[in-house]
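To be precise, the following lines are upload.pdb, and they hold PDB, C-alpha atoms.
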ATOM      1  CA  MET A1330      50.554  23.690  15.410
ATOM      2  CA  ASN A1331      47.511  21.448  15.093
ATOM      3  CA  THR A1332      48.421  17.849  15.924
ATOM      4  CA  ASP A1333      44.890  16.468  15.572
ATOM      5  CA  PRO A1334      44.895  14.137  12.518
ATOM      6  CA  ARG A1335      41.125  14.381  12.015
ATOM      7  CA  PRO A1336      39.923  16.667   9.214
ATOM      8  CA  ALA A1337      38.273  19.942  10.175
ATOM      9  CA  PRO A1338      34.475  19.921  10.052
ATOM     10  CA  GLU A1339      33.059  21.099   6.768
ATOM     11  CA  ARG A1340      31.499  24.534   6.837
ATOM     12  CA  THR A1341      29.866  23.663   3.532
ATOM     13  CA  TRP A1342      27.007  22.048   5.477
ATOM     14  CA  PHE A1343      25.507  25.511   5.850
ATOM     15  CA  VAL A1344      25.099  26.136   2.108
ATOM     16  CA  PRO A1345      23.008  22.983   1.437
ATOM     17  CA  SER A1346      20.915  23.862   4.498
ATOM     18  CA  LEU A1347      20.076  27.263   3.033
ATOM     19  CA  LEU A1348      19.482  25.730  -0.412
ATOM     20  CA  LEU A1349      17.063  23.236   1.110
ATOM     21  CA  LEU A1350      15.148  26.046   2.817
ATOM     22  CA  ALA A1351      15.088  27.959  -0.481
ATOM     23  CA  ALA A1352      13.771  24.872  -2.294
ATOM     24  CA  ALA A1353      11.015  24.567   0.304
ATOM     25  CA  ALA A1354      10.166  28.229  -0.283
ATOM     26  CA  VAL A1355       9.858  27.535  -4.026
ATOM     27  CA  LEU A1356       7.562  24.596  -3.249
ATOM     28  CA  GLY A1357       5.538  26.843  -0.932
ATOM     29  CA  ALA A1358       5.214  29.474  -3.654
ATOM     30  CA  TYR A1359       3.953  26.768  -6.015
ATOM     31  CA  LEU A1360       1.432  25.464  -3.462
ATOM     32  CA  TYR A1361       0.419  28.926  -2.195
ATOM     33  CA  PRO A1362      -2.589  29.501  -4.512
ATOM     34  CA  GLY A1363      -4.194  26.218  -3.424
ATOM     35  CA  MET A1364      -3.589  26.625   0.312
ATOM     36  CA  PRO A1365      -6.650  27.033   2.510
ATOM     37  CA  ASP A1366      -7.513  30.318   4.165
ATOM     38  CA  PRO A1367      -6.849  30.364   7.127
ATOM     39  CA  VAL A1368      -3.589  28.410   7.221
ATOM     40  CA  PRO A1369      -2.415  26.415  10.244
ATOM     41  CA  VAL A1370       0.445  28.092  12.131
ATOM     42  CA  HIS A1371       0.759  25.847  15.194
ATOM     43  CA  TRP A1372       0.210  22.162  15.898
ATOM     44  CA  ASP A1373      -0.441  20.349  19.162
ATOM     45  CA  GLY A1374       1.431  17.271  20.331
ATOM     46  CA  ALA A1375      -0.879  15.021  18.326
ATOM     47  CA  GLY A1376       0.031  16.806  15.093
ATOM     48  CA  ILE A1377      -3.366  18.508  14.775
ATOM     49  CA  PRO A1378      -3.436  22.235  13.952
ATOM     50  CA  ASP A1379      -4.644  24.243  16.942
ATOM     51  CA  ARG A1380      -3.932  27.813  15.773
ATOM     52  CA  PHE A1381      -4.667  29.425  12.462
ATOM     53  CA  ALA A1382      -3.878  32.705  10.708
ATOM     54  CA  GLY A1383      -5.225  34.367   7.628
ATOM     55  CA  LYS A1384      -3.427  33.232   4.503
ATOM     56  CA  SER A1385      -0.611  35.670   3.902
ATOM     57  CA  VAL A1386       2.968  35.447   2.726
ATOM     58  CA  LEU A1387       4.193  36.041   6.271
ATOM     59  CA  ALA A1388       1.950  33.372   7.813
ATOM     60  CA  VAL A1389       2.918  30.785   5.209
ATOM     61  CA  PHE A1390       6.651  31.461   4.967
ATOM     62  CA  SER A1391       7.594  32.629   8.469
ATOM     63  CA  PRO A1392       8.697  29.119   9.583
ATOM     64  CA  LEU A1393      11.159  29.077   6.679
ATOM     65  CA  LEU A1394      12.386  32.539   7.646
ATOM     66  CA  ILE A1395      12.863  31.300  11.208
ATOM     67  CA  GLY A1396      14.719  28.245   9.866
ATOM     68  CA  THR A1397      16.969  30.507   7.807
ATOM     69  CA  GLY A1398      17.657  32.583  10.913
ATOM     70  CA  VAL A1399      18.512  29.455  12.903
ATOM     71  CA  VAL A1400      20.946  28.240  10.220
ATOM     72  CA  ALA A1401      22.521  31.722  10.032
ATOM     73  CA  PHE A1402      22.884  31.789  13.829
ATOM     74  CA  LEU A1403      24.535  28.356  13.808
ATOM     75  CA  TRP A1404      26.925  29.601  11.111
ATOM     76  CA  LEU A1405      27.810  32.635  13.250
ATOM     77  CA  LEU A1406      28.523  30.349  16.194
ATOM     78  CA  TYR A1407      30.565  28.104  13.897
ATOM     79  CA  ARG A1408      32.506  31.103  12.608
ATOM     80  CA  PHE A1409      33.272  32.687  15.977
ATOM     81  CA  LEU A1410      33.492  29.614  18.240
ATOM     82  CA  PRO A1411      37.295  29.302  17.974
ATOM     83  CA  ALA A1412      37.773  32.910  19.060
ATOM     84  CA  MET A1413      35.364  32.448  21.970
ATOM     85  CA  ALA A1414      37.072  29.205  23.060
ATOM     86  CA  ALA A1415      40.604  30.609  22.817
ATOM     87  CA  LYS A1416      39.787  33.843  24.647
ATOM     88  CA  GLY A1417      39.649  32.377  28.149
ATOM     89  CA  ALA A1418      41.660  29.210  27.569
ATOM     90  CA  GLN A1419      44.887  28.460  29.349
ATOM     91  CA  ASP A1420      45.657  25.389  27.233
ATOM     92  CA  ALA A1421      45.590  26.298  23.525
ATOM     93  CA  ALA A1422      45.602  22.686  22.309
ATOM     94  CA  ARG A1423      42.655  21.811  24.536
ATOM     95  CA  ALA A1424      40.755  24.919  23.397
ATOM     96  CA  ALA A1425      41.370  24.004  19.758
ATOM     97  CA  LEU A1426      40.113  20.461  20.354
ATOM     98  CA  GLU A1427      36.967  21.707  22.095
ATOM     99  CA  ALA A1428      36.344  24.303  19.383
ATOM    100  CA  ARG A1429      36.678  21.644  16.677
ATOM    101  CA  ALA A1430      34.207  19.361  18.473
ATOM    102  CA  GLY A1431      31.754  22.238  18.905
ATOM    103  CA  LYS A1432      32.102  23.279  15.274
ATOM    104  CA  ASP A1433      31.444  19.694  14.196
ATOM    105  CA  VAL A1434      28.165  19.658  16.143
ATOM    106  CA  LEU A1435      27.072  23.009  14.696
ATOM    107  CA  ALA A1436      28.013  22.081  11.119
ATOM    108  CA  LYS A1437      26.082  18.824  11.202
ATOM    109  CA  LEU A1438      23.120  20.166  13.152
ATOM    110  CA  ALA A1439      22.345  22.894  10.580
ATOM    111  CA  PRO A1440      21.104  20.579   7.784
ATOM    112  CA  ALA A1441      19.166  18.440  10.260
ATOM    113  CA  LEU A1442      17.306  21.517  11.510
ATOM    114  CA  ALA A1443      16.734  22.719   7.944
ATOM    115  CA  VAL A1444      15.202  19.339   7.067
ATOM    116  CA  LEU A1445      12.943  19.565  10.121
ATOM    117  CA  PHE A1446      11.734  23.081   9.248
ATOM    118  CA  CYS A1447      11.115  22.061   5.621
ATOM    119  CA  TRP A1448       9.304  18.891   6.657
ATOM    120  CA  LEU A1449       7.016  20.675   9.087
ATOM    121  CA  CYS A1450       6.241  23.434   6.565
ATOM    122  CA  THR A1451       5.520  20.994   3.752
ATOM    123  CA  THR A1452       3.245  18.765   5.834
ATOM    124  CA  GLY A1453       1.394  21.871   7.037
ATOM    125  CA  TRP A1454       0.988  23.212   3.518
ATOM    126  CA  LEU A1455      -0.313  19.872   2.275
ATOM    127  CA  GLY A1456      -2.719  19.560   5.205
ATOM    128  CA  LEU A1457      -1.190  16.343   6.523
ATOM    129  CA  ALA A1458      -2.149  16.397  10.185
ATOM    130  CA  SER A1459      -1.341  13.414  12.366
ATOM    131  CA  PRO A1460       1.167  12.361  15.005
ATOM    132  CA  TRP A1461       3.059  10.511  12.250
ATOM    133  CA  THR A1462       3.808  13.760  10.442
ATOM    134  CA  ILE A1463       5.153  15.549  13.524
ATOM    135  CA  TRP A1464       6.806  13.117  15.933
ATOM    136  CA  PRO A1465       9.082  10.912  13.785
ATOM    137  CA  PRO A1466      11.149  13.835  12.425
ATOM    138  CA  VAL A1467      11.273  15.521  15.842
ATOM    139  CA  LEU A1468      12.397  12.307  17.551
ATOM    140  CA  LEU A1469      14.960  11.671  14.799
ATOM    141  CA  LEU A1470      16.351  15.185  15.271
ATOM    142  CA  MET A1471      16.539  14.699  19.035
ATOM    143  CA  GLY A1472      18.359  11.370  18.615
ATOM    144  CA  PHE A1473      20.731  12.829  16.020
ATOM    145  CA  THR A1474      21.496  15.802  18.279
ATOM    146  CA  LEU A1475      22.180  13.487  21.220
ATOM    147  CA  TRP A1476      24.492  11.393  19.046
ATOM    148  CA  LEU A1477      26.387  14.534  17.923
ATOM    149  CA  VAL A1478      26.793  15.756  21.494
ATOM    150  CA  VAL A1479      27.973  12.359  22.774
ATOM    151  CA  ARG A1480      30.421  12.136  19.875
ATOM    152  CA  ALA A1481      31.762  15.628  20.579
ATOM    153  CA  THR A1482      32.056  14.881  24.293
ATOM    154  CA  ARG A1483      34.036  11.732  23.572
ATOM    155  CA  ALA A1484      36.274  13.625  21.158
ATOM    156  CA  VAL A1485      37.287  16.137  23.806
ATOM    157  CA  SER A1486      37.542  13.628  26.654
ATOM    158  CA  VAL A1487      40.250  11.617  24.887
ATOM    159  CA  PRO A1488      43.626  13.339  25.226
ATOM    160  CA  PRO A1489      45.212  14.211  21.879
ATOM    161  CA  ALA A1490      48.017  12.003  20.665
ATOM    162  CA  PRO A1491      51.488  13.297  21.480
ATOM    163  CA  PRO A1492      53.325  14.834  18.525
ATOM    164  CA  ARG A1493      55.825  12.558  16.789
TER     165      ARG A1493
END
Go ahead and express the file in the form of structure tokens.
Amino acid sequence: MNTDPRPAPERTWFVPSLLLLAAAAVLGAYLYPGMPDPVPVHWDGAGIPDRFAGKSVLAVFSPLLIGTGVVAFLWLLYRFLPAMAAKGAQDAARAALEARAGKDVLAKLAPALAVLFCWLCTTGWLGLASPWTIWPPVLLLMGFTLWLVVRATRAVSVPPAPPR
């Protein structure tokens, strides 16, 4: 019996993440004819492209494919985390609490990563190259991830309330 009064994390975060990546792909298809040849495929720490590839569908859309793979991998972890946590656990309640905290991190990290992939693709497609196009979203993602991890750690460090 689950005695934790908090609601379970929403797995629906994964669907908007994939929809956002699909919307970015539609934008990329719209912008594709006007993109330069070669297209930038890697940026240095200052946000300036330092590697280029010939304009092709794979070169332009591979970051979105990678982003889709990352979201799918996070969903797989989300889906199978309870089974992995319960497999070696001696305390079922503790394992359930840890699995819920882990699932919460994964569910909320997926859209943040999708936004980052879409942002980086869009700024690359539009030719916006500066530190201001690269570092703010990366730093925001790092801060958000740290906040999620600290929140999850606090959630599992507090003992669950005794059943009434």
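By chain and then residue number, the residues within 7 Å of segment 1348-1364 of chain A are A:Val1344, A:Leu1393, A:Thr1397, A:Ala1443, A:Cys1447, A:Trp1454, counting all atoms listed in the file and disregarding those fewer than 4 positions away in sequence.
Atom CA of Val1434 of chain A to atom CA of Pro1392 of chain A spans 22.6 Å [interatomic distance, one decimal].
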Which residue, A:Val1444, A:Asp1420, A:Thr1452, A:Pro1411, has the smallest gap to Val1370 of chain A when you use only C-alpha atoms?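 The shortest atom-to-atom distance to Val1370 of chain A comes from A:Thr1452.
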Quick one, how far is atom CA of Trp1342 of chain A from atom CA of Val1399 of chain A? 13.5 Å
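For the residues A:Tyr1407, A:Phe1402, A:Trp1476, A:Phe1390, ranking by smallest atom-to-atom distance to Leu1449 of chain A using only C-alpha atoms places A:Phe1390 first.
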Quick check, in Å to one decimal: how far apart do atom CA of Ser1486 of chain A and atom CA of Leu1426 of chain A lie?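 That distance, rounded to one decimal, is 9.6 Å.
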Anything within 12 Å of (-12.0, 33.8, 4.7): list those residues as number ranges by chain, counting all atoms listed in the file and sticking to the file's coordinates. A: 1364-1368, 1381-1385
Neighbours of Val1478 of chain A within 12 Å (all atoms listed in the file; same-chain residues fewer than 6 positions away dropped), as a PyMOL selection string? chain A and resi 1427+1430-1435+1437-1438+1471-1472+1484-1485
Convert the current residue selection to file output with C-alpha atoms, as a PDB file, in the coordinates of the input.
ATOM      1  CA  GLU A1427      36.967  21.707  22.095  1.00  0.00           C
ATOM      2  CA  ALA A1430      34.207  19.361  18.473  1.00  0.00           C
ATOM      3  CA  GLY A1431      31.754  22.238  18.905  1.00  0.00           C
ATOM      4  CA  LYS A1432      32.102  23.279  15.274  1.00  0.00           C
ATOM      5  CA  ASP A1433      31.444  19.694  14.196  1.00  0.00           C
ATOM      6  CA  VAL A1434      28.165  19.658  16.143  1.00  0.00           C
ATOM      7  CA  LEU A1435      27.072  23.009  14.696  1.00  0.00           C
ATOM      8  CA  LYS A1437      26.082  18.824  11.202  1.00  0.00           C
ATOM      9  CA  LEU A1438      23.120  20.166  13.152  1.00  0.00           C
ATOM     10  CA  MET A1471      16.539  14.699  19.035  1.00  0.00           C
ATOM     11  CA  GLY A1472      18.359  11.370  18.615  1.00  0.00           C
ATOM     12  CA  ALA A1484      36.274  13.625  21.158  1.00  0.00           C
ATOM     13  CA  VAL A1485      37.287  16.137  23.806  1.00  0.00           C
TER      14      VAL A1485
END
Run through the PyMOL selection byres ((chain A and resi 1400) around 9) on the given coordinates and return the selected residues as a PDB file with C-alpha atoms, in the frame of the given file.
ATOM      1  CA  PHE A1343      25.507  25.511   5.850  1.00  0.00           C
ATOM      2  CA  SER A1346      20.915  23.862   4.498  1.00  0.00           C
ATOM      3  CA  LEU A1347      20.076  27.263   3.033  1.00  0.00           C
ATOM      4  CA  ILE A1395      12.863  31.300  11.208  1.00  0.00           C
ATOM      5  CA  GLY A1396      14.719  28.245   9.866  1.00  0.00           C
ATOM      6  CA  THR A1397      16.969  30.507   7.807  1.00  0.00           C
ATOM      7  CA  GLY A1398      17.657  32.583  10.913  1.00  0.00           C
ATOM      8  CA  VAL A1399      18.512  29.455  12.903  1.00  0.00           C
ATOM      9  CA  ALA A1401      22.521  31.722  10.032  1.00  0.00           C
ATOM     10  CA  PHE A1402      22.884  31.789  13.829  1.00  0.00           C
ATOM     11  CA  LEU A1403      24.535  28.356  13.808  1.00  0.00           C
ATOM     12  CA  TRP A1404      26.925  29.601  11.111  1.00  0.00           C
ATOM     13  CA  LEU A1405      27.810  32.635  13.250  1.00  0.00           C
ATOM     14  CA  LEU A1438      23.120  20.166  13.152  1.00  0.00           C
ATOM     15  CA  ALA A1439      22.345  22.894  10.580  1.00  0.00           C
ATOM     16  CA  PRO A1440      21.104  20.579   7.784  1.00  0.00           C
ATOM     17  CA  LEU A1442      17.306  21.517  11.510  1.00  0.00           C
ATOM     18  CA  ALA A1443      16.734  22.719   7.944  1.00  0.00           C
TER      19      ALA A1443
END
For each of A:Ala1422, A:Leu1445, A:Leu1477, A:Val1386, take the minimum atom-to-atom distance to Ile1463 of chain A, counting all atoms listed in the file, then give the residue where this is smallest.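 Answer, going by the shortest atom-to-atom distance: A:Leu1445.
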Which residue of A:Ala1424, A:Ala1458, A:Ala1441, A:Cys1450 approaches Phe1473 of chain A most closely, using only C-alpha atoms: A:Ala1441
Given all atoms listed in the file as the basis, pick out the residue of A:Gly1376, A:His1371, A:Thr1341, A:Leu1387 nearest to Trp1461 of chain A.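 Of A:Gly1376, A:His1371, A:Thr1341, A:Leu1387, the one nearest Trp1461 of chain A, counting all atoms listed in the file, is A:Gly1376.
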For each of A:Leu1475, A:Leu1457, A:Leu1410, A:Leu1469, take the minimum atom-to-atom distance to Pro1378 of chain A, counting all atoms listed in the file, then give the residue where this is smallest.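 The shortest atom-to-atom distance to Pro1378 of chain A comes from A:Leu1457.
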